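Structure first, then comments.
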Amino acid sequence: MKRSLLIATAMAVLLLQGCATSRSTVNIPAPDPATVTATATHAIPGPSLYIRNVTDQRHFEEAPRSADIPSLGFEGATAATAERKARAIGRKRNGFGKALGDVQLPEGTTVTDLIRAYASEGFEDAGWHVVAQPADDVTTVDIAVTRFWSWFQPGFWAIALNTDIETEFAFSDKHEVSPIHVHVKDHMQVAVDSDWVANNQLTLERYREAVAQQAVP
């Protein structure tokens, strides 16, 4: 009897975690530009770099075969506006893995905004001098966001909250950087809005570190 009660309690918690049927809006802080000079490993500014286009190339599906594929609740991905998709970062699920509510960024903030901010700081840490305007003698880079999604895997006693980020780079000159992919997985009992924020921010910090390591001029 006691074991049955524990099982029922655990399942109830998982089913109700994080108000799974709702659409949550979470604010993921962008890095403070003032920290760039404090954390950069190069005392002398390197070549100038202009981040031109950051494009969202994620593909949303109506009924994805796995939780790591972007999808939207309520009106669904097909009916969702481009603005809604640009702000979407995750999908909530109940204790059985059924997709329910969404997790999105606030109005006026998009996935590409976050990638631009964290990539910019990563490039600075790598030794570039990121500039606000293009010029003939300035290297230009375009960034394509191919993955940026959060999801959780249900479990009996705990869940795993995951975030995937992947981008591709196209430089205007001979510089090359392979696609950068980072993944963070956290185990917890329930997933509330603050957990989505923390998991995404940690993944973005890992992304920044990867850019700093792999994008040295």
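Chains: A, B, ... in order of the structure tokens. Residues: from 1 per chain. Ligands: from 1, in order shown.
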| request: Find the residues around Val26 of chain A up to 7 Å (only C-alpha atoms counted), leave out those fewer than 2 positions away in its own chain, and share them as a ChimeraX atom specification. | output: /A:24,28,104-106,193,197
Write out as JSON lines the residues of segment 67-124 of chain A that have any atom within 12 Å of an atom of segment 176-189 of chain A, one row each with the nearest atom pair and its distance in Å to one decimal, counting only C-alpha atoms, sorted by chain and then rising number.
```
{"residue": "A:Asp68", "atom": "CA", "partner": "A:His183", "partner_atom": "CA", "distance": 11.2}
{"residue": "A:Gly95", "atom": "CA", "partner": "A:Gln189", "partner_atom": "CA", "distance": 11.1}
{"residue": "A:Ile115", "atom": "CA", "partner": "A:Ile180", "partner_atom": "CA", "distance": 11.8}
{"residue": "A:Ala119", "atom": "CA", "partner": "A:Ile180", "partner_atom": "CA", "distance": 10.6}
{"residue": "A:Gly122", "atom": "CA", "partner": "A:Ile180", "partner_atom": "CA", "distance": 11.8}
{"residue": "A:Phe123", "atom": "CA", "partner": "A:Val177", "partner_atom": "CA", "distance": 11.3}
```
Next, the residues of the selection above should be written as a PDB file, in the first residue's frame with N, CA and C atoms.
```pdb
ATOM      1  N   ASP A  68      13.309  16.224 -29.127  1.00  0.00           N
ATOM      2  CA  ASP A  68      14.368  17.180 -29.441  1.00  0.00           C
ATOM      3  C   ASP A  68      14.119  17.936 -30.740  1.00  0.00           C
ATOM      4  N   GLY A  95       4.230  13.715 -17.547  1.00  0.00           N
ATOM      5  CA  GLY A  95       5.020  12.602 -17.044  1.00  0.00           C
ATOM      6  C   GLY A  95       5.098  11.412 -17.968  1.00  0.00           C
ATOM      7  N   ILE A 115      21.914  34.260 -29.859  1.00  0.00           N
ATOM      8  CA  ILE A 115      23.091  33.705 -30.524  1.00  0.00           C
ATOM      9  C   ILE A 115      24.043  34.819 -30.940  1.00  0.00           C
ATOM     10  N   ALA A 119      27.671  34.709 -29.378  1.00  0.00           N
ATOM     11  CA  ALA A 119      28.723  34.488 -30.373  1.00  0.00           C
ATOM     12  C   ALA A 119      29.661  35.685 -30.416  1.00  0.00           C
ATOM     13  N   GLY A 122      31.973  35.380 -27.643  1.00  0.00           N
ATOM     14  CA  GLY A 122      32.899  34.284 -27.915  1.00  0.00           C
ATOM     15  C   GLY A 122      33.988  34.681 -28.896  1.00  0.00           C
ATOM     16  N   PHE A 123      33.611  35.408 -29.939  1.00  0.00           N
ATOM     17  CA  PHE A 123      34.598  35.888 -30.910  1.00  0.00           C
ATOM     18  C   PHE A 123      35.594  36.843 -30.244  1.00  0.00           C
TER      19      PHE A 123
END
```
| said: According to DSSP computed on the backbone, where in segment 5-215 of chain A is there alpha helix (DSSP H)? Give the residues as a ChimeraX atom specification. | reply: /A:5-16,36-39,76-79,82-87,111-126,193-214
I need the chosen residues saved as a PDB file, in the first residue's frame, with C-alpha atoms.
```pdb
ATOM      1  CA  LEU A   5       1.021   5.620  -2.621  1.00  0.00           C
ATOM      2  CA  LEU A   6       4.607   6.641  -3.374  1.00  0.00           C
ATOM      3  CA  ILE A   7       4.198   5.669  -7.004  1.00  0.00           C
ATOM      4  CA  ALA A   8       0.952   7.603  -7.316  1.00  0.00           C
ATOM      5  CA  THR A   9       2.501  10.664  -5.686  1.00  0.00           C
ATOM      6  CA  ALA A  10       5.524  10.579  -7.973  1.00  0.00           C
ATOM      7  CA  MET A  11       3.360  10.301 -11.071  1.00  0.00           C
ATOM      8  CA  ALA A  12       1.138  13.158  -9.917  1.00  0.00           C
ATOM      9  CA  VAL A  13       4.159  15.395  -9.461  1.00  0.00           C
ATOM     10  CA  LEU A  14       5.467  14.558 -12.922  1.00  0.00           C
ATOM     11  CA  LEU A  15       2.090  15.159 -14.521  1.00  0.00           C
ATOM     12  CA  LEU A  16       1.752  18.591 -12.957  1.00  0.00           C
ATOM     13  CA  VAL A  36      34.102  41.106 -22.809  1.00  0.00           C
ATOM     14  CA  THR A  37      37.274  43.034 -22.008  1.00  0.00           C
ATOM     15  CA  ALA A  38      37.390  41.515 -18.553  1.00  0.00           C
ATOM     16  CA  THR A  39      37.245  37.925 -19.801  1.00  0.00           C
ATOM     17  CA  GLY A  76       0.590  24.264 -33.853  1.00  0.00           C
ATOM     18  CA  ALA A  77       3.695  24.943 -35.916  1.00  0.00           C
ATOM     19  CA  THR A  78       1.912  25.305 -39.255  1.00  0.00           C
ATOM     20  CA  ALA A  79      -0.412  28.067 -38.037  1.00  0.00           C
ATOM     21  CA  ALA A  82       7.209  33.616 -37.843  1.00  0.00           C
ATOM     22  CA  GLU A  83       7.491  35.835 -34.759  1.00  0.00           C
ATOM     23  CA  ARG A  84       6.171  33.046 -32.527  1.00  0.00           C
ATOM     24  CA  LYS A  85       8.640  30.539 -33.964  1.00  0.00           C
ATOM     25  CA  ALA A  86      11.536  32.986 -33.614  1.00  0.00           C
ATOM     26  CA  ARG A  87      10.831  33.222 -29.859  1.00  0.00           C
ATOM     27  CA  VAL A 111      16.777  33.031 -30.596  1.00  0.00           C
ATOM     28  CA  THR A 112      18.970  34.847 -33.130  1.00  0.00           C
ATOM     29  CA  ASP A 113      19.345  37.793 -30.724  1.00  0.00           C
ATOM     30  CA  LEU A 114      20.779  35.465 -28.078  1.00  0.00           C
ATOM     31  CA  ILE A 115      23.091  33.705 -30.524  1.00  0.00           C
ATOM     32  CA  ARG A 116      24.381  37.030 -31.836  1.00  0.00           C
ATOM     33  CA  ALA A 117      25.128  38.250 -28.313  1.00  0.00           C
ATOM     34  CA  TYR A 118      26.869  35.081 -27.089  1.00  0.00           C
ATOM     35  CA  ALA A 119      28.723  34.488 -30.373  1.00  0.00           C
ATOM     36  CA  SER A 120      29.943  38.096 -30.313  1.00  0.00           C
ATOM     37  CA  GLU A 121      31.423  37.623 -26.869  1.00  0.00           C
ATOM     38  CA  GLY A 122      32.899  34.284 -27.915  1.00  0.00           C
ATOM     39  CA  PHE A 123      34.598  35.888 -30.910  1.00  0.00           C
ATOM     40  CA  GLU A 124      35.985  38.623 -28.671  1.00  0.00           C
ATOM     41  CA  ASP A 125      37.332  36.007 -26.268  1.00  0.00           C
ATOM     42  CA  ALA A 126      38.927  34.222 -29.230  1.00  0.00           C
ATOM     43  CA  ASP A 193      10.411  28.285 -15.490  1.00  0.00           C
ATOM     44  CA  SER A 194      13.617  29.098 -13.632  1.00  0.00           C
ATOM     45  CA  ASP A 195      15.023  25.683 -14.583  1.00  0.00           C
ATOM     46  CA  TRP A 196      14.442  26.354 -18.281  1.00  0.00           C
ATOM     47  CA  VAL A 197      16.260  29.681 -17.877  1.00  0.00           C
ATOM     48  CA  ALA A 198      19.210  28.149 -16.017  1.00  0.00           C
ATOM     49  CA  ASN A 199      19.583  25.262 -18.471  1.00  0.00           C
ATOM     50  CA  ASN A 200      19.466  27.556 -21.507  1.00  0.00           C
ATOM     51  CA  GLN A 201      21.864  30.078 -20.008  1.00  0.00           C
ATOM     52  CA  LEU A 202      24.375  27.360 -19.152  1.00  0.00           C
ATOM     53  CA  THR A 203      24.149  25.981 -22.702  1.00  0.00           C
ATOM     54  CA  LEU A 204      24.682  29.456 -24.156  1.00  0.00           C
ATOM     55  CA  GLU A 205      27.735  29.922 -21.929  1.00  0.00           C
ATOM     56  CA  ARG A 206      29.096  26.592 -23.192  1.00  0.00           C
ATOM     57  CA  TYR A 207      28.392  27.794 -26.733  1.00  0.00           C
ATOM     58  CA  ARG A 208      30.309  31.007 -26.076  1.00  0.00           C
ATOM     59  CA  GLU A 209      33.254  29.003 -24.736  1.00  0.00           C
ATOM     60  CA  ALA A 210      33.205  26.762 -27.816  1.00  0.00           C
ATOM     61  CA  VAL A 211      33.260  29.790 -30.123  1.00  0.00           C
ATOM     62  CA  ALA A 212      36.194  31.214 -28.148  1.00  0.00           C
ATOM     63  CA  GLN A 213      38.132  27.962 -28.516  1.00  0.00           C
ATOM     64  CA  GLN A 214      37.354  27.196 -32.170  1.00  0.00           C
TER      65      GLN A 214
END
```
| request: List every residue of segment 45-102 of chain A that DSSP, applied to the backbone of this structure, assigns to strand (DSSP E or B), and report them as a ChimeraX atom specification. | output: /A:48-56,88-93,99-102
| query | Closest to Asn94 of chain A among A:Ala30, A:Gln153, A:His175, A:Tyr50, using only C-alpha atoms? | reply | A:Gln153
| note | Restricting to only C-alpha atoms, whichever of A:Glu62, A:Glu107, A:Asp102, A:Asp56 is closest to Asn27 of chain A is A:Glu107
| note | Shortest contact to Glu61 of chain A, candidates A:Pro45, A:Ala80, A:Asp136, A:Pro217, atoms counted only C-alpha atoms, goes to A:Ala80
| field | Residue with smallest distance to Phe60 of chain A - pool A:Pro31, A:Gly90, A:Pro47, A:Pro154, counting only C-alpha atoms | value |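 Answer, going by the shortest atom-to-atom distance: A:Gly90.
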| d(atom CA of Asp137 of chain A, atom CA of Leu49 of chain A) in Å |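 Here the two named atoms are 9.4 Å from each other.
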